[in-house]
file protein.cif (mmCIF, C-alpha atoms)
data_protein
loop_
_atom_site.label_atom_id
_atom_site.label_comp_id
_atom_site.auth_asym_id
_atom_site.auth_seq_id
_atom_site.Cartn_x
_atom_site.Cartn_y
_atom_site.Cartn_z
CA MET A 164 18.76 10.25 -18.39
CA ILE A 165 16.33 9.85 -15.50
CA ALA A 166 18.06 8.59 -12.37
CA VAL A 167 15.98 6.76 -9.78
CA VAL A 168 18.11 6.85 -6.66
CA ASP A 169 18.37 3.53 -4.85
CA TYR A 170 19.41 4.12 -1.25
CA LYS A 171 18.65 0.60 -0.11
CA ALA A 172 15.31 1.40 1.45
CA GLY A 173 12.42 -0.74 0.29
CA ASN A 174 11.20 -1.85 -3.04
CA LEU A 175 11.53 0.38 -6.10
CA THR A 176 10.01 -1.95 -8.69
CA SER A 177 6.67 -0.14 -8.81
CA VAL A 178 8.23 3.29 -9.40
CA MET A 179 10.37 1.91 -12.24
CA LYS A 180 7.38 0.15 -13.78
CA ALA A 181 5.19 3.27 -13.73
CA LEU A 182 7.93 5.39 -15.35
CA GLN A 183 8.45 2.74 -18.03
CA ALA A 184 4.71 2.57 -18.69
CA LEU A 185 4.87 6.33 -19.38
CA GLY A 186 7.57 5.74 -21.99
CA ALA A 187 10.56 6.83 -19.89
CA ASP A 188 13.80 4.87 -19.61
CA PRO A 189 14.73 5.27 -15.93
CA GLN A 190 18.01 4.06 -14.53
CA LEU A 191 18.11 2.65 -11.02
CA THR A 192 21.37 3.71 -9.39
CA SER A 193 23.30 4.14 -6.13
CA ASP A 194 26.23 5.72 -7.91
CA PRO A 195 26.87 9.46 -7.36
CA ALA A 196 28.61 9.64 -10.76
CA ALA A 197 25.42 8.44 -12.50
CA VAL A 198 23.37 10.99 -10.56
CA SER A 199 25.80 13.71 -11.70
CA ARG A 200 24.95 12.87 -15.33
CA ALA A 201 21.17 12.77 -14.80
CA ASP A 202 18.75 15.17 -16.49
CA LYS A 203 16.07 14.33 -13.95
CA ILE A 204 16.31 12.76 -10.50
CA ILE A 205 13.69 10.80 -8.58
CA LEU A 206 14.24 9.85 -4.95
CA PRO A 207 11.62 7.27 -3.94
CA GLY A 208 11.70 5.42 -0.71
CA VAL A 209 9.56 3.81 1.89
CA GLY A 210 10.61 3.01 5.40
CA HIS A 211 12.56 4.80 8.06
CA PHE A 212 14.02 8.31 7.78
CA ALA A 213 17.29 6.87 9.11
CA ALA A 214 17.73 5.07 5.77
CA THR A 215 18.49 8.46 4.19
CA HIS A 216 21.79 8.41 6.10
CA PHE A 217 23.07 6.29 3.20
CA LEU A 218 22.67 9.33 0.93
CA GLU A 219 25.12 11.21 3.12
CA THR A 220 27.77 8.49 3.45
CA SER A 221 27.62 7.40 -0.20
CA GLY A 222 28.18 10.87 -1.66
CA LEU A 223 24.72 10.81 -3.25
CA LYS A 224 23.56 13.81 -1.22
CA ALA A 225 26.40 16.00 -2.51
CA ALA A 226 25.73 14.84 -6.09
CA ILE A 227 22.01 15.57 -5.76
CA ARG A 228 22.66 18.99 -4.24
CA GLU A 229 25.00 19.89 -7.08
CA ARG A 230 22.51 18.76 -9.77
CA ILE A 231 19.63 20.64 -8.13
CA ALA A 232 21.78 23.80 -8.07
CA ALA A 233 22.41 23.25 -11.79
CA GLY A 234 18.64 23.34 -12.38
CA VAL A 235 17.95 19.62 -12.82
CA PRO A 236 14.35 18.73 -11.81
CA PHE A 237 14.13 16.63 -8.67
CA LEU A 238 11.15 14.65 -7.33
CA GLY A 239 11.12 13.10 -3.86
CA ILE A 240 8.45 10.48 -3.10
CA CYS A 241 7.27 9.56 0.43
CA VAL A 242 10.43 9.58 2.60
CA GLY A 243 11.97 11.30 -0.43
CA LEU A 244 9.68 14.29 0.20
CA GLN A 245 10.46 14.30 3.92
CA TRP A 246 14.18 14.31 3.10
CA LEU A 247 13.74 17.70 1.39
CA PHE A 248 13.04 19.14 4.84
CA ALA A 249 15.61 19.86 7.56
CA GLY A 250 14.97 16.55 9.30
CA SER A 251 12.47 14.30 11.04
CA THR A 252 11.81 13.39 14.65
CA GLU A 253 11.90 9.78 13.41
CA ALA A 254 15.70 10.04 13.25
CA PRO A 255 16.77 13.18 15.14
CA GLY A 256 20.50 12.82 14.43
CA ILE A 257 20.10 12.73 10.65
CA SER A 258 19.65 15.85 8.57
CA GLY A 259 17.74 16.10 5.32
CA LEU A 260 18.56 18.28 2.34
CA ALA A 261 17.02 21.28 4.16
CA ALA A 262 15.57 22.83 1.00
CA PHE A 263 12.68 23.61 3.37
CA PRO A 264 13.47 24.56 6.97
CA GLU A 265 10.69 22.67 8.79
CA ILE A 266 10.97 19.34 10.63
CA CYS A 267 8.79 16.28 9.89
CA ASP A 268 6.94 14.73 12.81
CA ARG A 269 4.77 11.74 13.69
CA PHE A 270 0.98 11.86 13.43
CA GLY A 271 -0.60 12.76 16.74
CA PRO A 272 -2.68 10.37 18.87
CA GLY A 273 -6.38 9.68 18.32
CA ARG A 274 -6.10 8.10 14.88
CA LYS A 275 -4.72 4.93 13.42
CA VAL A 276 -1.06 5.17 12.45
CA PRO A 277 0.22 4.52 9.81
CA HIS A 278 -2.05 6.63 7.64
CA VAL A 279 -2.83 4.03 4.96
CA GLY A 280 -5.16 4.34 2.01
CA TRP A 281 -6.67 6.75 -0.49
CA ASN A 282 -7.06 10.31 0.74
CA SER A 283 -7.88 13.52 -1.12
CA ILE A 284 -5.50 16.36 -1.99
CA ALA A 285 -6.40 20.05 -2.05
CA VAL A 286 -4.28 21.38 -4.89
CA ARG A 287 -2.97 24.92 -5.41
CA THR A 288 -4.07 26.15 -8.83
CA ASP A 289 -0.63 27.54 -9.79
CA SER A 290 1.02 24.14 -9.31
CA ARG A 291 2.91 22.70 -12.26
CA LEU A 292 3.34 19.21 -10.79
CA PHE A 293 -0.42 18.93 -10.21
CA SER A 294 -1.40 20.45 -13.54
CA GLY A 295 -4.51 18.68 -14.89
CA ILE A 296 -5.30 17.13 -11.49
CA SER A 297 -8.73 18.07 -10.20
CA ASN A 298 -9.00 19.43 -6.70
CA ASN A 299 -9.82 16.71 -4.15
CA SER A 300 -8.49 13.89 -6.33
CA TYR A 301 -7.68 10.73 -4.40
CA VAL A 302 -4.14 9.37 -4.10
CA TYR A 303 -2.61 6.49 -2.13
CA PHE A 304 -0.68 7.14 1.09
CA THR A 305 1.20 4.90 3.51
CA HIS A 306 3.27 6.66 6.19
CA SER A 307 3.54 7.39 9.92
CA TYR A 308 5.44 10.71 9.74
CA ARG A 309 4.43 13.78 7.79
CA ALA A 310 5.77 17.18 6.78
CA PRO A 311 4.09 20.34 8.11
CA ILE A 312 2.61 22.93 5.79
CA ALA A 313 5.36 25.08 4.29
CA ASN A 314 5.35 28.18 2.06
CA ALA A 315 6.03 26.00 -0.99
CA THR A 316 3.31 23.46 -0.20
CA THR A 317 1.12 22.97 -3.28
CA ALA A 318 -1.05 20.03 -2.16
CA VAL A 319 -2.57 19.60 1.28
CA THR A 320 -4.15 16.49 2.83
CA ASP A 321 -5.97 16.23 6.11
CA TYR A 322 -5.50 13.40 8.58
CA GLY A 323 -6.10 14.66 12.10
CA GLY A 324 -4.90 18.04 10.78
CA PRO A 325 -3.42 19.32 7.51
CA PHE A 326 -0.01 18.20 6.26
CA THR A 327 2.08 18.62 3.09
CA ALA A 328 1.07 16.10 0.42
CA GLY A 329 2.93 17.97 -2.34
CA ILE A 330 5.59 20.68 -2.43
CA GLU A 331 7.28 22.60 -5.24
CA HIS A 332 9.95 25.26 -5.29
CA ASP A 333 11.58 25.94 -8.66
CA ASN A 334 13.00 22.58 -9.76
CA ILE A 335 12.58 20.90 -6.34
CA MET A 336 9.41 18.83 -5.99
CA GLY A 337 8.09 16.24 -3.59
CA VAL A 338 4.97 14.15 -2.94
CA GLN A 339 4.12 12.31 0.27
CA PHE A 340 1.81 9.82 -1.45
CA HIS A 341 2.75 7.15 -3.99
CA PRO A 342 2.01 8.41 -7.52
CA GLU A 343 3.07 5.01 -8.90
CA LYS A 344 0.17 3.44 -6.95
CA SER A 345 -2.42 6.18 -7.33
CA GLY A 346 -4.15 5.15 -10.53
CA GLU A 347 -4.62 7.67 -13.36
CA ALA A 348 -4.11 10.72 -11.11
CA GLY A 349 -0.73 9.38 -10.01
CA LEU A 350 0.39 8.64 -13.56
CA GLN A 351 -0.59 12.19 -14.61
CA ILE A 352 1.59 13.63 -11.82
CA LEU A 353 4.55 11.51 -12.94
CA ARG A 354 3.89 12.55 -16.53
CA ASN A 355 3.95 16.22 -15.45
CA PHE A 356 7.33 15.63 -13.82
CA LEU A 357 8.71 13.82 -16.88
CA GLU A 358 7.59 16.71 -19.10
CA TRP A 359 8.81 19.41 -16.69
CA LYS A 360 11.02 22.08 -18.25
CA PRO A 361 12.46 25.20 -16.63
CA CYS A 362 10.22 28.27 -17.06
CA MET B 268 -10.85 12.60 4.00
CA LEU B 269 -9.30 9.14 4.28
CA THR B 270 -11.62 6.73 2.49
CA LYS B 271 -12.64 3.18 3.30
CA ARG B 272 -10.91 0.79 0.92
CA MET B 273 -12.67 -1.83 -1.21
CA ILE B 274 -10.22 -4.61 -2.03
CA ALA B 275 -10.68 -7.27 -4.70
CA CYS B 276 -9.07 -10.62 -3.91
CA LEU B 277 -7.91 -13.15 -6.50
CA ASP B 278 -7.53 -16.73 -5.29
CA VAL B 279 -4.99 -18.15 -7.70
CA ASN B 280 -4.44 -21.86 -8.25
CA ALA B 281 -1.86 -23.06 -10.80
CA GLY B 282 -1.85 -19.70 -12.56
CA ARG B 283 -5.64 -19.23 -12.80
CA VAL B 284 -8.13 -17.28 -10.68
CA VAL B 285 -10.48 -19.75 -9.03
CA LYS B 286 -13.36 -19.53 -6.65
CA GLY B 287 -14.99 -22.23 -4.63
CA VAL B 288 -17.14 -22.42 -1.56
CA GLN B 289 -15.08 -23.38 1.48
CA PHE B 290 -12.21 -24.53 -0.75
CA VAL B 291 -14.18 -27.10 -2.75
CA ASP B 292 -15.85 -26.98 -6.20
CA LEU B 293 -13.24 -24.64 -7.65
CA VAL B 294 -14.61 -22.69 -10.62
CA ASP B 295 -12.29 -21.03 -13.12
CA ALA B 296 -12.67 -17.24 -13.00
CA GLY B 297 -10.00 -16.23 -15.50
CA ASP B 298 -6.43 -15.09 -16.02
CA PRO B 299 -5.02 -13.20 -12.98
CA ALA B 300 -3.55 -10.33 -15.00
CA GLU B 301 -6.83 -9.79 -16.85
CA VAL B 302 -9.01 -10.14 -13.76
CA ALA B 303 -6.79 -7.74 -11.75
CA ALA B 304 -6.81 -5.13 -14.52
CA ARG B 305 -10.59 -5.43 -14.82
CA HIS B 306 -11.09 -4.94 -11.08
CA ALA B 307 -8.75 -1.93 -11.00
CA ALA B 308 -10.61 -0.36 -13.93
CA ALA B 309 -13.92 -1.07 -12.18
CA GLY B 310 -12.81 0.95 -9.16
CA ALA B 311 -11.16 -1.51 -6.77
CA ASP B 312 -8.83 0.40 -4.44
CA GLU B 313 -6.38 -2.46 -4.10
CA ILE B 314 -5.77 -5.94 -5.44
CA VAL B 315 -4.82 -8.94 -3.31
CA PHE B 316 -3.40 -12.01 -5.06
CA LEU B 317 -3.64 -15.10 -2.90
CA ASP B 318 -1.72 -18.13 -4.11
CA ILE B 319 -3.65 -21.19 -3.04
CA THR B 320 -1.44 -23.58 -5.02
CA ALA B 321 -0.56 -26.35 -2.64
CA THR B 322 2.45 -27.79 -4.45
CA HIS B 323 5.97 -26.50 -4.22
CA GLU B 324 6.66 -27.11 -7.94
CA ALA B 325 4.12 -24.50 -8.97
CA ARG B 326 5.95 -21.70 -7.10
CA GLY B 327 8.05 -20.81 -10.16
CA THR B 328 4.92 -20.24 -12.21
CA LEU B 329 3.62 -18.11 -9.38
CA ILE B 330 6.43 -15.57 -9.72
CA GLU B 331 5.85 -15.29 -13.47
CA THR B 332 2.11 -14.82 -12.89
CA VAL B 333 2.73 -12.16 -10.24
CA LYS B 334 5.09 -10.35 -12.60
CA ARG B 335 2.55 -10.39 -15.41
CA THR B 336 -0.25 -9.26 -13.10
CA ALA B 337 1.80 -6.40 -11.62
CA GLN B 338 3.00 -5.18 -15.02
CA ARG B 339 0.27 -2.64 -15.70
CA LEU B 340 -1.37 -2.38 -12.29
CA PHE B 341 -1.12 1.10 -10.78
CA VAL B 342 -3.00 0.52 -7.54
CA PRO B 343 -1.52 -1.21 -4.46
CA PHE B 344 -0.88 -4.90 -5.08
CA THR B 345 -0.51 -7.50 -2.31
CA VAL B 346 0.64 -11.09 -2.76
CA GLY B 347 0.13 -13.84 -0.20
CA GLY B 348 0.20 -17.59 0.09
CA GLY B 349 3.22 -19.79 0.60
CA ILE B 350 5.61 -17.03 1.73
CA ARG B 351 7.73 -18.69 4.44
CA THR B 352 11.07 -16.90 4.37
CA LEU B 353 12.61 -13.49 3.74
CA ASP B 354 13.85 -14.85 0.38
CA ASP B 355 10.32 -15.88 -0.64
CA ALA B 356 9.14 -12.37 0.20
CA ALA B 357 12.04 -10.74 -1.69
CA ALA B 358 11.19 -12.74 -4.83
CA VAL B 359 7.57 -11.61 -4.69
CA PHE B 360 8.57 -7.94 -4.15
CA ASP B 361 10.99 -8.23 -7.08
CA ALA B 362 8.13 -9.50 -9.23
CA GLY B 363 6.20 -6.30 -8.51
CA ALA B 364 4.22 -6.75 -5.27
CA ASP B 365 3.89 -3.68 -3.04
CA LYS B 366 2.98 -5.69 0.05
CA ILE B 367 3.13 -9.31 1.07
CA SER B 368 0.70 -11.17 3.26
CA ILE B 369 1.91 -13.88 5.64
CA ASN B 370 -0.20 -16.23 7.72
CA SER B 371 1.01 -19.68 8.86
CA ALA B 372 4.68 -18.77 8.52
CA ALA B 373 4.24 -15.79 10.86
CA LEU B 374 2.58 -17.97 13.48
CA ALA B 375 5.29 -20.61 13.16
CA ARG B 376 8.06 -18.02 13.46
CA PRO B 377 6.80 -14.55 14.46
CA GLU B 378 10.28 -13.02 13.95
CA LEU B 379 9.59 -13.23 10.20
CA ILE B 380 7.27 -10.19 10.50
CA GLY B 381 10.08 -7.99 11.77
CA GLU B 382 12.64 -9.42 9.35
CA ILE B 383 10.55 -8.57 6.27
CA GLY B 384 9.58 -5.22 7.80
CA ALA B 385 13.21 -4.27 8.43
CA LYS B 386 14.11 -4.89 4.79
CA PHE B 387 10.99 -3.67 2.96
CA GLY B 388 9.27 -1.40 5.50
CA ALA B 389 6.46 -2.19 7.93
CA GLN B 390 3.88 -0.86 5.44
CA ALA B 391 4.73 -3.79 3.16
CA VAL B 392 3.88 -6.52 5.68
CA ILE B 393 0.31 -7.69 6.14
CA VAL B 394 -0.35 -10.38 8.71
CA ALA B 395 -3.35 -12.48 7.66
CA ILE B 396 -5.39 -14.07 10.43
CA ASP B 397 -8.02 -16.77 9.83
CA ALA B 398 -10.28 -16.90 12.86
CA ARG B 399 -13.31 -18.87 14.00
CA ARG B 400 -15.65 -18.09 16.88
CA THR B 401 -15.56 -20.42 19.85
CA GLY B 402 -18.64 -18.93 21.45
CA ARG B 403 -20.50 -15.66 21.70
CA GLU B 404 -17.60 -13.47 22.75
CA PRO B 405 -15.56 -12.26 19.74
CA GLU B 406 -12.52 -11.77 22.01
CA LYS B 407 -12.33 -15.56 22.28
CA ALA B 408 -12.27 -16.29 18.53
CA GLU B 409 -9.46 -18.72 17.75
CA VAL B 410 -6.75 -18.55 15.06
CA PHE B 411 -6.51 -21.39 12.52
CA VAL B 412 -3.77 -22.22 10.01
CA ALA B 413 -3.27 -24.53 7.03
CA GLY B 414 -6.33 -23.28 5.16
CA GLY B 415 -8.46 -23.48 8.29
CA ARG B 416 -7.63 -27.12 9.08
CA THR B 417 -5.41 -26.66 12.12
CA ALA B 418 -6.37 -24.89 15.34
CA THR B 419 -3.56 -22.97 17.03
CA GLY B 420 -5.11 -22.41 20.46
CA ARG B 421 -4.39 -18.69 20.12
CA ARG B 422 -6.92 -15.90 20.31
CA ALA B 423 -7.24 -13.69 17.25
CA VAL B 424 -7.27 -10.46 19.25
CA GLU B 425 -4.12 -11.34 21.12
CA TRP B 426 -2.26 -12.55 17.99
CA ALA B 427 -3.21 -9.34 16.15
CA ARG B 428 -1.73 -7.32 19.00
CA GLU B 429 1.49 -9.34 18.92
CA ALA B 430 1.72 -8.99 15.12
CA GLU B 431 1.43 -5.21 15.53
CA ASP B 432 4.14 -5.18 18.22
CA ARG B 433 6.39 -7.18 15.91
CA GLY B 434 5.99 -4.60 13.15
CA ALA B 435 3.07 -5.63 10.94
CA GLY B 436 1.71 -2.77 8.83
CA GLU B 437 -1.86 -4.10 8.50
CA ILE B 438 -4.02 -7.01 9.62
CA LEU B 439 -6.10 -9.01 7.12
CA LEU B 440 -8.77 -10.67 9.23
CA THR B 441 -10.84 -13.48 7.70
CA SER B 442 -13.85 -14.84 9.52
CA MET B 443 -13.98 -18.55 8.74
CA ASP B 444 -17.57 -18.65 9.97
CA ALA B 445 -18.66 -16.01 7.46
CA ASP B 446 -16.35 -16.93 4.57
CA GLY B 447 -18.20 -18.05 1.45
CA THR B 448 -21.66 -17.41 2.93
CA ARG B 449 -22.31 -13.99 1.31
CA ALA B 450 -24.41 -13.38 4.44
CA GLY B 451 -22.35 -10.49 5.83
CA PHE B 452 -19.01 -9.93 7.57
CA ASP B 453 -18.45 -10.89 11.21
CA CYS B 454 -18.69 -7.32 12.50
CA GLY B 455 -18.25 -8.29 16.15
CA LEU B 456 -14.99 -10.08 15.48
CA THR B 457 -13.74 -7.27 13.22
CA ALA B 458 -14.56 -4.61 15.83
CA ALA B 459 -12.79 -6.60 18.56
CA VAL B 460 -9.58 -6.86 16.50
CA SER B 461 -9.77 -3.31 15.11
CA GLY B 462 -10.18 -1.94 18.61
CA ALA B 463 -7.20 -3.92 19.88
CA VAL B 464 -4.63 -2.51 17.42
CA GLN B 465 -3.50 0.85 16.05
CA ILE B 466 -2.76 -0.46 12.54
CA PRO B 467 -5.43 -0.75 9.83
CA VAL B 468 -7.63 -3.85 9.74
CA ILE B 469 -8.95 -5.34 6.50
CA ALA B 470 -12.14 -7.36 7.01
CA SER B 471 -12.68 -10.46 4.90
CA GLY B 472 -15.29 -13.20 4.60
CA GLY B 473 -19.01 -12.91 4.02
CA ALA B 474 -19.37 -10.00 1.58
CA GLY B 475 -22.66 -10.24 -0.28
CA ASN B 476 -24.07 -6.75 -0.80
CA ALA B 477 -23.60 -3.04 -0.08
CA GLN B 478 -25.36 -3.31 3.28
CA HIS B 479 -22.68 -5.77 4.44
CA PHE B 480 -19.91 -3.32 3.58
CA THR B 481 -21.76 -0.50 5.38
CA GLU B 482 -22.06 -2.67 8.49
CA VAL B 483 -18.43 -3.74 8.55
CA PHE B 484 -17.21 -0.15 8.16
CA ARG B 485 -19.62 1.22 10.79
CA GLU B 486 -20.09 -1.51 13.39
CA GLY B 487 -16.99 -3.53 12.51
CA LYS B 488 -14.70 -0.43 12.53
CA ALA B 489 -12.88 -1.92 9.54
CA ASP B 490 -10.49 0.30 7.60
CA ALA B 491 -10.89 -1.77 4.45
CA ALA B 492 -13.00 -4.69 3.28
CA LEU B 493 -12.04 -7.49 0.94
CA ALA B 494 -14.18 -9.64 -1.31
CA ALA B 495 -13.61 -12.15 -4.07
CA SER B 496 -16.47 -14.05 -5.62
CA ILE B 497 -19.04 -11.24 -5.67
CA PHE B 498 -16.67 -9.24 -7.87
CA HIS B 499 -15.45 -12.02 -10.20
CA PHE B 500 -18.85 -13.27 -11.18
CA GLY B 501 -20.41 -9.87 -11.63
CA ILE B 502 -22.75 -10.25 -8.65
CA ALA B 503 -21.63 -6.83 -7.51
CA ASP B 504 -19.79 -4.04 -9.28
CA VAL B 505 -17.22 -2.14 -7.18
CA ARG B 506 -18.27 1.24 -8.52
CA ALA B 507 -21.98 0.60 -7.87
CA LEU B 508 -21.16 -0.62 -4.33
CA LYS B 509 -19.14 2.55 -3.69
CA GLU B 510 -21.99 4.74 -4.92
CA GLU B 511 -24.32 3.05 -2.45
CA LEU B 512 -21.83 3.50 0.38
CA GLN B 513 -21.38 7.16 -0.51
CA ARG B 514 -25.16 7.63 -0.39
CA VAL B 515 -25.25 6.49 3.23
CA GLY B 516 -22.31 8.71 4.15
CA ILE B 517 -19.32 6.36 4.11
CA PRO B 518 -16.23 8.02 2.57
CA VAL B 519 -15.10 6.12 -0.54
CA ARG B 520 -12.83 6.92 -3.48
CA LEU B 521 -15.20 8.30 -6.11
CA PRO B 522 -14.87 9.03 -8.97
CA CYS B 523 -12.53 6.11 -9.49
#

call {"tool": "encode", "arguments": {"input": "protein.cif", "output": "structure tokens"}}
result
Amino acid sequence: MIAVVDYKAGNLTSVMKALQALGADPQLTSDPAAVSRADKIILPGVGHFAATHFLETSGLKAAIRERIAAGVPFLGICVGLQWLFAGSTEAPGISGLAAFPEICDRFGPGRKVPHVGWNSIAVRTDSRLFSGISNNSYVYFTHSYRAPIANATTAVTDYGGPFTAGIEHDNIMGVQFHPEKSGEAGLQILRNFLEWKPC
Amino acid sequence: MLTKRMIACLDVNAGRVVKGVQFVDLVDAGDPAEVAARHAAAGADEIVFLDITATHEARGTLIETVKRTAQRLFVPFTVGGGIRTLDDAAAVFDAGADKISINSAALARPELIGEIGAKFGAQAVIVAIDARRTGREPEKAEVFVAGGRTATGRRAVEWAREAEDRGAGEILLTSMDADGTRAGFDCGLTAAVSGAVQIPVIASGGAGNAQHFTEVFREGKADAALAASIFHFGIADVRALKEELQRVGIPVRLPC
């Protein structure tokens, strides 16, 4: 079962629709018990980093951590990617999963914020999540905070400097952009996640 | 590199895409779901669905039409027209919209911008501004509501700034002077608004050819440009327009 975690931040209809169009049968849930039974977990989310506090108080964070340790593939989208890091200056008191030690930060001055629209991704050739995606493909972003480049970064985008557009470490994956809104390239990335099996 | 967006707009009346000149002589341009899918396949970066149905009774049909249109659309999808409350917005999001666009309702009660933003995220709230020049200076262009029939006495630049402060994610700026003319966007007005805010500005009204898009991206400092009739009736093809823009050095999403 594919669990799409609903932590009461924004609208998840588009993510569900894209997964269904790919033949999956995702289950939208806020229940830690459902997450504990999942074979794959997707954490979408738009909005404020503070919304991830719900994951902590609801017991979802503990359930996700336990499933990830058991080898279940996990994909964070947008704020869901940022949550894989230690935290964000958007909500300094709230900690992420800390699978990656860096901190997310706001885009610097000199450019329009939020970063909205189609931007290109430079993809690492050994990436599994971006398998079949040509380098410099365009995907759709909408966000004001971004994750720095980390060792596990597999896709990089530039907007007043490089940031992490995609990250992968074993079964932990994240994308800053919205694959459900990124045309064929986005659907291919979701398909890669749905077909992901441990090495 | 972040690209300039080309947005196709569907004006929908009673469940059908229509196009008229200055809101008269409406011509049927097809089924919204089919037209949206066609535009996305042709390379449109986003789809905007504008409900121009005047009657309240037709709102139920609207939700069904939005749902059907969103079903297999995997590019950003905005719905506007007739959204007056948080509940109206929630119904449209539930039907599959990624963003909503509000116009008159935001002017009548500006708190609505923040209310929708708090629930669905600022990125999901577009404030649409219909503006008309009152003289040579674009800073003095005035905001109109009710399909351009009612003057508000407010300046477009100042209202855009307030909308940003209240949490709008983008501004959709329509020049009423240019709308329907196919003679080019109002670049002066667009530049004045784009320079006044930090959030992206979508220029609308007056698209006729590739040169117009080049001008509005360069001189108008627009982040995106929207057009309707030139796409529906095959006057211009999105992909061909993008190729022309790329030739003159404007970043666009190609291949698409």

call {"tool": "resolve_selection", "arguments": {"input": "protein.cif", "expression": "the PyMOL selection byres ((chain A) within 10 of (chain B))", "output": "number ranges by chain"}}
result
A: 171-181, 184, 208-211, 272-284, 299-307, 320-323, 341-350

call {"tool": "closest_residue", "arguments": {"input": "protein.cif", "among": "B:Ile330, B:Val394, B:Pro299, B:Thr417", "to": "Asp278 of chain B", "atoms": "only C-alpha atoms"}}
result
B:Pro299

call {"tool": "atom_distance", "arguments": {"input": "protein.cif", "atom1": "atom CA of Val168 of chain A", "atom2": "atom CA of Ser294 of chain A"}}
result
24.8 Å

call {"tool": "resolve_selection", "arguments": {"input": "protein.cif", "expression": "the PyMOL selection byres ((chain A and resi 262) around 10)", "output": "number ranges by chain"}}
result
A: 228, 246-249, 259-261, 263-265, 332, 335

call {"tool": "write_last_selection", "arguments": {"input": "protein.cif", "atoms": "C-alpha atoms", "output": "compact mmCIF listing (two decimals), in the coordinates of the input"}}
result
# COMPACT_ATOMS: atom_id res chain seq x y z
CA ARG A 228 22.66 18.99 -4.24
CA TRP A 246 14.18 14.31 3.10
CA LEU A 247 13.74 17.70 1.39
CA PHE A 248 13.04 19.14 4.84
CA ALA A 249 15.61 19.86 7.56
CA GLY A 259 17.74 16.10 5.32
CA LEU A 260 18.56 18.28 2.34
CA ALA A 261 17.02 21.28 4.16
CA PHE A 263 12.68 23.61 3.37
CA PRO A 264 13.47 24.56 6.97
CA GLU A 265 10.69 22.67 8.79
CA HIS A 332 9.95 25.26 -5.29
CA ILE A 335 12.58 20.90 -6.34

call {"tool": "atom_distance", "arguments": {"input": "protein.cif", "atom1": "atom CA of Cys241 of chain A", "atom2": "atom CA of Val338 of chain A"}}
result
6.1 Å

call {"tool": "residues_near_point", "arguments": {"input": "protein.cif", "point": "(4.1, -9.5, 20.0)", "cutoff": "12 Å", "atoms": "all atoms listed in the file", "output": "PyMOL selection string"}}
result
chain B and resi 373-374+376-381+424-435+464

call {"tool": "write_last_selection", "arguments": {"input": "protein.cif", "atoms": "C-alpha atoms", "output": "compact mmCIF listing (two decimals), in the frame of the given file"}}
result
# COMPACT_ATOMS: atom_id res chain seq x y z
CA ALA B 373 4.24 -15.79 10.86
CA LEU B 374 2.58 -17.97 13.48
CA ARG B 376 8.06 -18.02 13.46
CA PRO B 377 6.80 -14.55 14.46
CA GLU B 378 10.28 -13.02 13.95
CA LEU B 379 9.59 -13.23 10.20
CA ILE B 380 7.27 -10.19 10.50
CA GLY B 381 10.08 -7.99 11.77
CA VAL B 424 -7.27 -10.46 19.25
CA GLU B 425 -4.12 -11.34 21.12
CA TRP B 426 -2.26 -12.55 17.99
CA ALA B 427 -3.21 -9.34 16.15
CA ARG B 428 -1.73 -7.32 19.00
CA GLU B 429 1.49 -9.34 18.92
CA ALA B 430 1.72 -8.99 15.12
CA GLU B 431 1.43 -5.21 15.53
CA ASP B 432 4.14 -5.18 18.22
CA ARG B 433 6.39 -7.18 15.91
CA GLY B 434 5.99 -4.60 13.15
CA ALA B 435 3.07 -5.63 10.94
CA VAL B 464 -4.63 -2.51 17.42

call {"tool": "resolve_selection", "arguments": {"input": "protein.cif", "expression": "the PyMOL selection byres ((chain B and resi 517) around 9)", "output": "list in words"}}
result
Thr270, Lys271, Thr481, Phe484, Arg485, Lys509, Glu511, Leu512, Gln513, Arg514, Val515, Gly516, Pro518 and Val519 of chain B

call {"tool": "write_last_selection", "arguments": {"input": "protein.cif", "atoms": "C-alpha atoms", "output": "PDB file, in the coordinates of the input"}}
result
ATOM      1  CA  THR B 270     -11.620   6.730   2.490  1.00  0.00           C
ATOM      2  CA  LYS B 271     -12.640   3.180   3.300  1.00  0.00           C
ATOM      3  CA  THR B 481     -21.760  -0.500   5.380  1.00  0.00           C
ATOM      4  CA  PHE B 484     -17.210  -0.150   8.160  1.00  0.00           C
ATOM      5  CA  ARG B 485     -19.620   1.220  10.790  1.00  0.00           C
ATOM      6  CA  LYS B 509     -19.140   2.550  -3.690  1.00  0.00           C
ATOM      7  CA  GLU B 511     -24.320   3.050  -2.450  1.00  0.00           C
ATOM      8  CA  LEU B 512     -21.830   3.500   0.380  1.00  0.00           C
ATOM      9  CA  GLN B 513     -21.380   7.160  -0.510  1.00  0.00           C
ATOM     10  CA  ARG B 514     -25.160   7.630  -0.390  1.00  0.00           C
ATOM     11  CA  VAL B 515     -25.250   6.490   3.230  1.00  0.00           C
ATOM     12  CA  GLY B 516     -22.310   8.710   4.150  1.00  0.00           C
ATOM     13  CA  PRO B 518     -16.230   8.020   2.570  1.00  0.00           C
ATOM     14  CA  VAL B 519     -15.100   6.120  -0.540  1.00  0.00           C
TER      15      VAL B 519
END

call {"tool": "residues_around", "arguments": {"input": "protein.cif", "residues": "segment 280-286 of chain B", "least_positions_apart": "5", "cutoff": "7 Å", "atoms": "only C-alpha atoms", "output": "ChimeraX atom specification"}}
result
/B:293-299,318-320,325,328-329,332,496
